[in-house]
$ cat my_file10.txt   # compact mmCIF, C-alpha atoms and all ligand atoms
# COMPACT_ATOMS: atom_id res chain seq x y z
CA MET A 1 -24.93 3.91 14.33
CA GLU A 2 -23.48 0.62 13.15
CA GLN A 3 -20.73 2.55 11.32
CA GLU A 4 -19.60 4.15 14.62
CA GLN A 5 -18.90 0.78 16.21
CA LYS A 6 -16.72 -0.52 13.42
CA LYS A 7 -12.98 -0.61 13.98
CA LYS A 8 -11.04 1.93 11.97
CA ILE A 9 -8.51 0.86 9.34
CA LEU A 10 -6.05 3.06 7.49
CA SER A 11 -3.81 2.19 4.57
CA LEU A 12 -2.06 4.16 1.83
CA ILE A 13 -0.32 3.35 -1.44
CA GLN A 14 2.44 5.38 -3.08
CA PRO A 15 1.84 6.64 -6.62
CA THR A 16 5.44 5.84 -7.60
CA ASN A 17 4.35 3.85 -10.65
CA THR A 18 1.39 1.79 -11.81
CA PRO A 19 0.57 -0.71 -9.01
CA THR A 20 1.92 -4.21 -9.48
CA ILE A 21 0.22 -7.52 -8.79
CA GLY A 22 2.23 -7.35 -5.52
CA ASN A 23 0.29 -4.25 -4.49
CA TYR A 24 -2.88 -5.85 -5.86
CA PHE A 25 -2.71 -9.25 -4.12
CA GLY A 26 -0.81 -7.93 -1.08
CA ALA A 27 -2.88 -4.82 -0.41
CA MET A 28 -5.75 -3.86 -2.71
CA CYS A 29 -7.56 -7.24 -2.58
CA ASN A 30 -7.51 -7.08 1.23
CA TRP A 31 -8.71 -3.50 1.24
CA ILE A 32 -11.79 -4.48 -0.73
CA LYS A 33 -12.67 -7.27 1.71
CA MET A 34 -12.05 -5.02 4.72
CA GLN A 35 -14.76 -2.61 3.58
CA GLU A 36 -17.31 -5.20 4.76
CA GLU A 37 -16.10 -5.24 8.30
CA PHE A 38 -14.29 -1.98 9.04
CA ASP A 39 -14.56 1.77 8.76
CA CYS A 40 -11.85 2.21 6.13
CA THR A 41 -9.72 5.14 5.03
CA TYR A 42 -7.51 4.54 1.99
CA GLY A 43 -5.26 7.01 0.30
CA ILE A 44 -2.67 7.84 -2.29
CA ALA A 45 0.57 8.67 -0.44
CA ASP A 46 1.90 11.34 -2.76
CA LEU A 47 3.74 13.18 0.04
CA HIS A 48 5.68 10.00 0.78
CA SER A 49 6.56 9.49 -2.87
CA LEU A 50 8.58 12.73 -2.94
CA THR A 51 11.32 11.14 -0.83
CA VAL A 52 12.53 9.77 -4.17
CA ARG A 53 12.91 12.25 -7.05
CA GLN A 54 9.78 12.22 -9.26
CA ASP A 55 9.00 13.63 -12.68
CA PRO A 56 6.13 16.13 -11.97
CA VAL A 57 4.14 15.36 -15.12
CA LYS A 58 4.41 11.62 -14.55
CA LEU A 59 3.64 11.93 -10.84
CA ARG A 60 0.45 13.92 -11.47
CA ALA A 61 -0.71 11.31 -13.99
CA GLN A 62 0.13 8.48 -11.60
CA ILE A 63 -1.78 10.02 -8.71
CA LYS A 64 -4.90 10.14 -10.88
CA GLU A 65 -4.25 6.67 -12.27
CA SER A 66 -3.71 5.09 -8.82
CA TYR A 67 -6.83 6.77 -7.47
CA ALA A 68 -8.98 5.56 -10.40
CA LEU A 69 -7.48 2.08 -10.04
CA LEU A 70 -8.53 1.88 -6.40
CA ILE A 71 -12.11 2.54 -7.44
CA ALA A 72 -11.84 0.21 -10.44
CA SER A 73 -10.55 -2.57 -8.17
CA GLY A 74 -13.73 -2.40 -6.08
CA LEU A 75 -13.20 0.25 -3.42
CA ASP A 76 -16.40 2.17 -2.90
CA PRO A 77 -15.88 5.93 -2.38
CA GLU A 78 -19.29 6.15 -0.68
CA ARG A 79 -18.56 3.46 1.85
CA SER A 80 -14.86 4.12 2.48
CA THR A 81 -12.88 7.36 2.55
CA LEU A 82 -10.66 7.48 -0.57
CA PHE A 83 -8.37 10.49 -0.62
CA VAL A 84 -5.10 11.90 -1.88
CA GLN A 85 -2.71 12.64 0.98
CA SER A 86 -1.56 16.07 -0.28
CA HIS A 87 -5.22 17.20 -0.46
CA ASN A 88 -5.32 17.09 3.32
CA PRO A 89 -2.78 19.51 4.88
CA ASN A 90 -3.40 17.99 8.32
CA HIS A 91 -0.89 15.23 7.45
CA SER A 92 2.04 17.64 7.03
CA GLU A 93 0.99 19.62 10.07
CA LEU A 94 0.74 16.67 12.43
CA ALA A 95 3.96 15.22 11.01
CA TRP A 96 5.82 18.38 12.07
CA LEU A 97 4.38 18.21 15.57
CA LEU A 98 5.24 14.53 15.88
CA ASN A 99 8.78 15.19 14.63
CA CYS A 100 9.28 17.04 17.89
CA TYR A 101 8.26 13.92 19.82
CA THR A 102 10.51 11.52 17.88
CA GLN A 103 14.13 10.89 18.65
CA PHE A 104 16.93 11.13 16.10
CA GLY A 105 18.28 7.81 17.36
CA GLU A 106 14.95 6.05 16.74
CA LEU A 107 14.85 7.21 13.12
CA SER A 108 18.50 6.29 12.59
CA ARG A 109 17.64 2.67 13.36
CA MET A 110 14.98 2.33 10.61
CA THR A 111 16.14 -0.30 8.15
CA GLN A 112 14.13 1.17 5.25
CA PHE A 113 16.04 4.45 5.68
CA LYS A 114 19.31 2.56 5.54
CA ASP A 115 18.19 0.55 2.48
CA LYS A 116 16.81 3.52 0.57
CA SER A 117 19.85 5.71 1.38
CA ALA A 118 22.06 2.98 -0.03
CA LYS A 119 19.86 2.81 -3.14
CA HIS A 120 19.79 6.58 -3.71
CA PRO A 121 23.16 7.81 -2.34
CA ASP A 122 22.85 11.05 -4.34
CA ASN A 123 19.55 12.04 -2.65
CA ILE A 124 19.55 11.14 1.04
CA ASN A 125 17.06 13.85 1.94
CA ALA A 126 15.57 14.72 5.33
CA GLY A 127 12.16 13.49 4.10
CA LEU A 128 13.57 10.00 3.66
CA PHE A 129 14.79 10.17 7.25
CA THR A 130 11.49 11.45 8.72
CA TYR A 131 9.25 9.31 6.45
CA PRO A 132 8.18 7.10 9.40
CA VAL A 133 6.99 10.19 11.30
CA LEU A 134 4.74 11.18 8.39
CA MET A 135 3.50 7.59 8.36
CA ALA A 136 2.74 7.87 12.09
CA ALA A 137 0.82 11.11 11.39
CA ASP A 138 -1.17 9.34 8.63
CA ILE A 139 -2.24 6.64 11.05
CA LEU A 140 -2.81 8.73 14.17
CA LEU A 141 -4.81 11.50 12.48
CA TYR A 142 -7.63 9.03 11.80
CA GLN A 143 -7.34 7.31 15.19
CA ALA A 144 -6.89 4.05 13.28
CA ASP A 145 -7.31 0.90 15.39
CA MET A 146 -5.58 -1.25 12.81
CA VAL A 147 -3.13 -0.82 9.98
CA PRO A 148 -2.69 -3.57 7.39
CA VAL A 149 1.07 -3.83 7.07
CA GLY A 150 3.56 -6.03 5.36
CA VAL A 151 6.47 -7.38 7.38
CA ASP A 152 8.66 -4.62 5.89
CA GLN A 153 6.48 -1.92 7.49
CA MET A 154 6.35 -3.45 11.00
CA GLN A 155 9.30 -1.37 12.22
CA HIS A 156 7.56 1.84 11.16
CA LEU A 157 4.35 0.81 12.89
CA GLU A 158 6.35 0.07 16.04
CA LEU A 159 7.71 3.62 15.87
CA ALA A 160 4.17 5.01 15.56
CA ARG A 161 3.23 2.99 18.65
CA ASN A 162 6.21 4.41 20.56
CA ILE A 163 5.14 7.93 19.60
CA VAL A 164 1.61 7.23 20.88
CA GLN A 165 2.95 5.91 24.16
CA ARG A 166 5.22 8.91 24.59
CA PHE A 167 2.62 11.52 23.60
CA ASN A 168 -0.26 9.99 25.55
CA GLY A 169 2.11 9.57 28.50
CA VAL A 170 2.61 13.34 28.64
CA TYR A 171 -0.81 14.65 27.54
CA GLY A 172 -3.34 11.93 28.35
CA ASP A 173 -5.47 9.88 25.99
CA VAL A 174 -4.98 11.72 22.69
CA PHE A 175 -4.16 8.99 20.16
CA THR A 176 -5.57 5.49 19.66
CA MET A 177 -2.84 2.84 19.90
CA PRO A 178 -2.71 1.26 16.40
CA GLU A 179 -2.26 -2.49 15.94
CA GLY A 180 -0.73 -4.18 12.92
CA TYR A 181 -3.23 -6.17 10.87
CA LEU A 182 -1.38 -9.04 9.26
CA THR A 183 -3.33 -11.38 7.02
CA LYS A 184 -2.14 -14.33 5.00
CA ALA A 185 -2.71 -12.35 1.84
CA THR A 186 -0.26 -9.71 3.04
CA ALA A 187 2.45 -12.24 2.24
CA LYS A 188 4.93 -10.84 -0.22
CA VAL A 189 4.72 -11.32 -3.95
CA MET A 190 8.30 -11.67 -5.13
CA SER A 191 10.09 -10.39 -8.23
CA LEU A 192 9.69 -12.61 -11.31
CA GLN A 193 13.37 -12.15 -12.10
CA ASP A 194 14.77 -12.56 -8.57
CA PRO A 195 12.34 -14.47 -6.32
CA THR A 196 14.35 -13.55 -3.21
CA LYS A 197 13.43 -9.88 -3.74
CA LYS A 198 10.02 -8.21 -3.24
CA MET A 199 8.14 -7.31 -6.42
CA SER A 200 8.29 -3.50 -6.58
CA LYS A 201 6.60 -1.03 -8.88
CA SER A 202 9.80 1.02 -9.14
CA ASP A 203 11.93 -1.95 -10.25
CA GLU A 204 13.84 -0.90 -13.37
CA ASN A 205 13.67 -4.39 -14.87
CA VAL A 206 10.27 -4.45 -16.63
CA ASN A 207 10.20 -8.26 -16.60
CA ALA A 208 10.54 -8.36 -12.80
CA SER A 209 7.03 -7.10 -12.11
CA VAL A 210 3.56 -7.33 -13.62
CA SER A 211 1.61 -4.08 -13.60
CA VAL A 212 -2.13 -4.31 -13.03
CA LEU A 213 -2.58 -2.54 -16.37
CA ASP A 214 -0.35 -4.86 -18.42
CA ASP A 215 -2.27 -6.42 -21.32
CA ARG A 216 -2.91 -10.15 -21.54
CA ASP A 217 -0.02 -10.91 -23.93
CA THR A 218 2.47 -8.95 -21.83
CA ILE A 219 1.33 -10.71 -18.65
CA ILE A 220 1.69 -14.15 -20.23
CA ARG A 221 5.09 -13.26 -21.71
CA LYS A 222 6.40 -12.03 -18.34
CA PHE A 223 5.31 -15.23 -16.59
CA LYS A 224 6.88 -17.35 -19.33
CA ARG A 225 10.17 -15.57 -18.61
CA ALA A 226 9.88 -15.91 -14.83
CA VAL A 227 13.02 -17.27 -13.17
CA THR A 228 12.42 -20.71 -11.64
CA ASP A 229 14.89 -23.61 -11.19
CA SER A 230 16.33 -26.48 -13.16
CA GLU A 231 13.79 -29.05 -11.91
CA THR A 232 10.39 -29.84 -13.44
CA GLU A 233 8.08 -30.49 -10.50
CA VAL A 234 5.51 -27.88 -9.44
CA CYS A 235 5.67 -28.10 -5.64
CA ALA A 236 6.37 -25.88 -2.64
CA ARG A 237 9.70 -27.40 -1.58
CA GLU A 238 12.50 -25.49 0.10
CA GLY A 239 14.85 -23.88 -2.39
CA LYS A 240 12.14 -23.53 -5.05
CA ASP A 241 11.56 -19.81 -4.41
CA GLY A 242 10.54 -19.01 -7.98
CA ILE A 243 7.96 -21.82 -8.16
CA ILE A 244 6.62 -21.04 -4.68
CA ASN A 245 6.15 -17.42 -5.74
CA LEU A 246 4.29 -18.48 -8.89
CA MET A 247 2.16 -20.88 -6.84
CA SER A 248 1.13 -18.15 -4.43
CA ILE A 249 0.32 -15.79 -7.31
CA TYR A 250 -1.74 -18.55 -8.96
CA GLY A 251 -3.42 -19.18 -5.60
CA GLY A 252 -4.19 -15.46 -5.28
CA ALA A 253 -5.73 -15.36 -8.74
CA THR A 254 -7.74 -18.61 -8.51
CA GLY A 255 -8.34 -19.15 -4.78
CA LYS A 256 -6.65 -22.59 -5.02
CA SER A 257 -4.50 -23.98 -2.20
CA PHE A 258 -0.91 -25.22 -2.66
CA GLU A 259 -2.15 -28.84 -2.44
CA GLU A 260 -4.68 -28.24 -5.19
CA ILE A 261 -2.08 -26.55 -7.37
CA GLU A 262 0.42 -29.39 -6.86
CA ALA A 263 -2.28 -31.93 -7.81
CA GLU A 264 -3.36 -29.92 -10.87
CA PHE A 265 0.17 -29.73 -12.31
CA LYS A 266 1.44 -33.17 -11.32
CA GLY A 267 3.39 -34.63 -14.24
CA ARG A 268 3.11 -31.42 -16.26
CA GLY A 269 6.15 -29.20 -16.89
CA TYR A 270 6.93 -25.62 -15.89
CA GLY A 271 5.87 -24.37 -19.35
CA ASP A 272 2.24 -25.44 -18.79
CA PHE A 273 2.28 -24.05 -15.27
CA LYS A 274 3.69 -20.65 -16.22
CA LEU A 275 1.12 -20.30 -18.99
CA ALA A 276 -1.69 -21.17 -16.56
CA VAL A 277 -0.42 -18.58 -14.04
CA GLY A 278 -0.25 -15.90 -16.75
CA GLU A 279 -3.75 -16.71 -17.98
CA ALA A 280 -5.22 -16.79 -14.46
CA VAL A 281 -3.68 -13.42 -13.58
CA ALA A 282 -4.88 -11.88 -16.87
CA ASP A 283 -8.41 -13.22 -16.22
CA LYS A 284 -8.39 -11.90 -12.66
CA LEU A 285 -7.28 -8.41 -13.70
CA ALA A 286 -9.56 -8.13 -16.74
CA PRO A 287 -12.69 -6.75 -14.99
CA MET A 288 -10.63 -4.12 -13.15
CA GLN A 289 -8.90 -3.12 -16.39
CA GLU A 290 -12.29 -2.79 -18.10
CA GLU A 291 -13.65 -0.66 -15.28
CA TYR A 292 -10.49 1.46 -15.25
CA LYS A 293 -10.91 2.15 -18.97
CA ARG A 294 -14.48 3.25 -18.35
CA LEU A 295 -13.51 5.49 -15.41
CA SER A 296 -10.62 7.07 -17.32
CA ALA A 297 -13.13 8.42 -19.79
CA ASP A 298 -15.06 10.05 -16.94
CA ARG A 299 -12.58 12.50 -15.46
CA SER A 300 -15.19 14.62 -13.75
CA TYR A 301 -16.39 11.61 -11.72
CA ILE A 302 -12.85 10.92 -10.49
CA GLU A 303 -12.35 14.60 -9.61
CA THR A 304 -15.63 14.70 -7.71
CA CYS A 305 -14.65 11.57 -5.75
CA MET A 306 -11.23 13.10 -4.98
CA LYS A 307 -12.80 16.31 -3.68
CA GLN A 308 -15.36 14.48 -1.56
CA GLY A 309 -12.67 12.13 -0.25
CA ALA A 310 -10.47 15.10 0.67
CA GLU A 311 -13.34 16.76 2.54
CA LYS A 312 -14.17 13.60 4.47
CA ALA A 313 -10.50 12.99 5.35
CA TYR A 314 -9.97 16.62 6.37
CA LYS A 315 -13.01 16.72 8.63
CA VAL A 316 -12.13 13.58 10.58
CA SER A 317 -8.43 14.39 10.88
CA ARG A 318 -8.95 18.06 11.83
CA LYS A 319 -10.55 16.94 15.08
CA THR A 320 -7.43 15.01 16.03
CA LEU A 321 -5.09 17.80 14.97
CA GLN A 322 -6.95 20.42 17.01
CA LYS A 323 -6.93 18.15 20.03
CA VAL A 324 -3.15 17.84 19.67
CA GLN A 325 -2.72 21.59 19.17
CA LYS A 326 -4.67 22.31 22.36
CA LYS A 327 -2.70 19.73 24.33
CA VAL A 328 0.70 21.13 23.33
CA GLY A 329 -0.37 24.68 24.23
CA PHE A 330 -1.28 26.38 20.94
CA VAL A 331 -4.04 28.99 20.70
CA VAL A 332 -6.85 27.17 18.89
CA PHE A 333 -10.02 28.91 17.65
N1 LIG B 401 5.48 -7.38 -3.56
C1 LIG B 401 4.51 -7.12 -2.69
N2 LIG B 401 3.82 -8.14 -2.13
C2 LIG B 401 2.81 -7.90 -1.25
N3 LIG B 401 2.43 -6.66 -0.89
C3 LIG B 401 3.07 -5.62 -1.42
N4 LIG B 401 2.94 -4.28 -1.27
C4 LIG B 401 3.85 -3.66 -2.04
N5 LIG B 401 4.59 -4.55 -2.71
C5 LIG B 401 4.14 -5.78 -2.35
C6 LIG B 401 1.94 -3.65 -0.40
O1 LIG B 401 1.27 -2.64 -1.16
C7 LIG B 401 0.91 -1.57 -0.30
C8 LIG B 401 1.29 -0.26 -0.90
O2 LIG B 401 2.67 -0.21 -1.02
P1 LIG B 401 3.40 1.16 -1.29
O3 LIG B 401 3.19 1.56 -2.67
O4 LIG B 401 2.97 2.17 -0.30
O5 LIG B 401 4.92 0.92 -0.97
P2 LIG B 401 5.87 -0.25 -1.22
O6 LIG B 401 5.63 -1.35 -0.24
O7 LIG B 401 7.24 0.37 -1.20
O8 LIG B 401 5.50 -0.77 -2.67
P3 LIG B 401 6.45 -0.94 -3.90
O9 LIG B 401 5.65 -1.50 -5.01
O10 LIG B 401 7.70 -1.68 -3.53
O11 LIG B 401 6.77 0.56 -4.23
P4 LIG B 401 8.14 1.25 -4.53
O12 LIG B 401 8.76 0.47 -5.64
O13 LIG B 401 7.76 2.63 -4.94
O14 LIG B 401 8.95 1.25 -3.26
C9 LIG B 401 1.57 -1.82 1.04
O15 LIG B 401 0.59 -2.31 1.94
C10 LIG B 401 2.60 -2.88 0.75
O16 LIG B 401 2.84 -3.73 1.87

$ encode --input "my_file10.txt" --output "structure tokens"
Amino acid sequence: MEQEQKKKILSLIQPTNTPTIGNYFGAMCNWIKMQEEFDCTYGIADLHSLTVRQDPVKLRAQIKESYALLIASGLDPERSTLFVQSHNPNHSELAWLLNCYTQFGELSRMTQFKDKSAKHPDNINAGLFTYPVLMAADILLYQADMVPVGVDQMQHLELARNIVQRFNGVYGDVFTMPEGYLTKATAKVMSLQDPTKKMSKSDENVNASVSVLDDRDTIIRKFKRAVTDSETEVCAREGKDGIINLMSIYGGATGKSFEEIEAEFKGRGYGDFKLAVGEAVADKLAPMQEEYKRLSADRSYIETCMKQGAEKAYKVSRKTLQKVQKKVGFVVF
């Protein structure tokens, strides 16, 4: 009964590589907290990941790894729905239908399409162009009230909202209008090698990002090499992008505020600070890494969770899809 009144949240992560501490602090940590308050559906967006060429063997391994990591990080497959997107064909089906209610001009304006086309000029595929429509289908299938999004995804969410307005305008109240759910922790974690750029799991420079499965020594080494500035003071002043990024990572790992961090490192150099950040991140990730190791040895448990997650996701989303099919005039049994 109580479950029915909770607001619905949906969020997915792409299995394009091992998640970084950007994904961890920016998304996964929030997802865990949201389980308390919301009816949550979380998934591995493997359909989305195909917009960039993937190695099949690596992709399969990464889907399993990302799924196990979500559980290891604290997501409860009993309480939330944890599924793999390609296990639920309703996503592709609704995406096609919504494609017919989305304008070419709208998709042409998406900045991520422009950015990714520039990054992969040899593979500007139609999937890259219609990616936001699949994202709209992901959200609308589950009638999500809220979608935790980073600033970079706001434009896609806006498109989903336009689709809802258009579709509901023609057919009545079919889809819930989704709202963006922005929290402080959704703030971006930046690259350790270029603090003006978002930390990304597909960054080719291994020192730019910290994977959630990096071992302690690697984590500390990467932080020691982090690009900062030529000053010595640990403070959040304009122009100190590298230090500000390290401060917010340290804050994410320890729960300390910027004021507390500034006080803690007053009069101490960057060397001390970088070491402390590395150690704090390694400490924070250790329990998840331990749990991941344990889960990796239990493949049947992960497979069972995946199957149950797929069934739960299918059941909920089928209702929406059939409603849409009826509204547009299909013969539905
Ligand atoms: N650097 C980041 N800081 C804060 N949040 C981040 N997220 C990603 N990077 C950061 C959040 O993680 C969730 C899942 O992201 P995704 O995998 O679906 O796609 P993404 O945003 O494209 O992540 P990456 O790491 O940059 O992947 P690649 O390199 O494959 O493109 C989202 O909620 C996202 O906001």

$ residues_around --input "my_file10.txt" --residues "stretch 251-268 of chain A" --least-positions-apart "2" --cutoff "7 Å" --atoms "all atoms listed in the file" --output "ChimeraX atom specification"
/A:25,234-235,247-249,270,272-273,280-281,284

$ closest_residue --input "my_file10.txt" --among "A:Asp203, A:Asp298, A:Glu291, A:Glu93" --to "ligand LIG 401 (chain B)" --atoms "all atoms listed in the file"
A:Asp203

$ axis_aligned_box --input "my_file10.txt" --around "stretch 237-256 of chain A" --padding-each-side "3 Å" --output "JSON"
{"center_x": 3.3, "center_y": -21.4, "center_z": -4.4, "size_x": 29.2, "size_y": 18.0, "size_z": 15.1}

$ residues_near_ligand --input "my_file10.txt" --ligand "ligand LIG 401 (chain B)" --cutoff "7 Å" --atoms "only C-alpha atoms and all ligand atoms" --output "MDAnalysis selection string"
chainID A and resid 11:17 19:20 22:23 25:27 45 148:150 153 186:190 198:203

$ atom_distance --input "my_file10.txt" --atom1 "atom CA of A:Ser296" --atom2 "atom CA of A:Gly309"
17.9 Å

$ atom_distance --input "my_file10.txt" --atom1 "atom CA of A:Glu37" --atom2 "atom CA of A:Val147"
13.8 Å
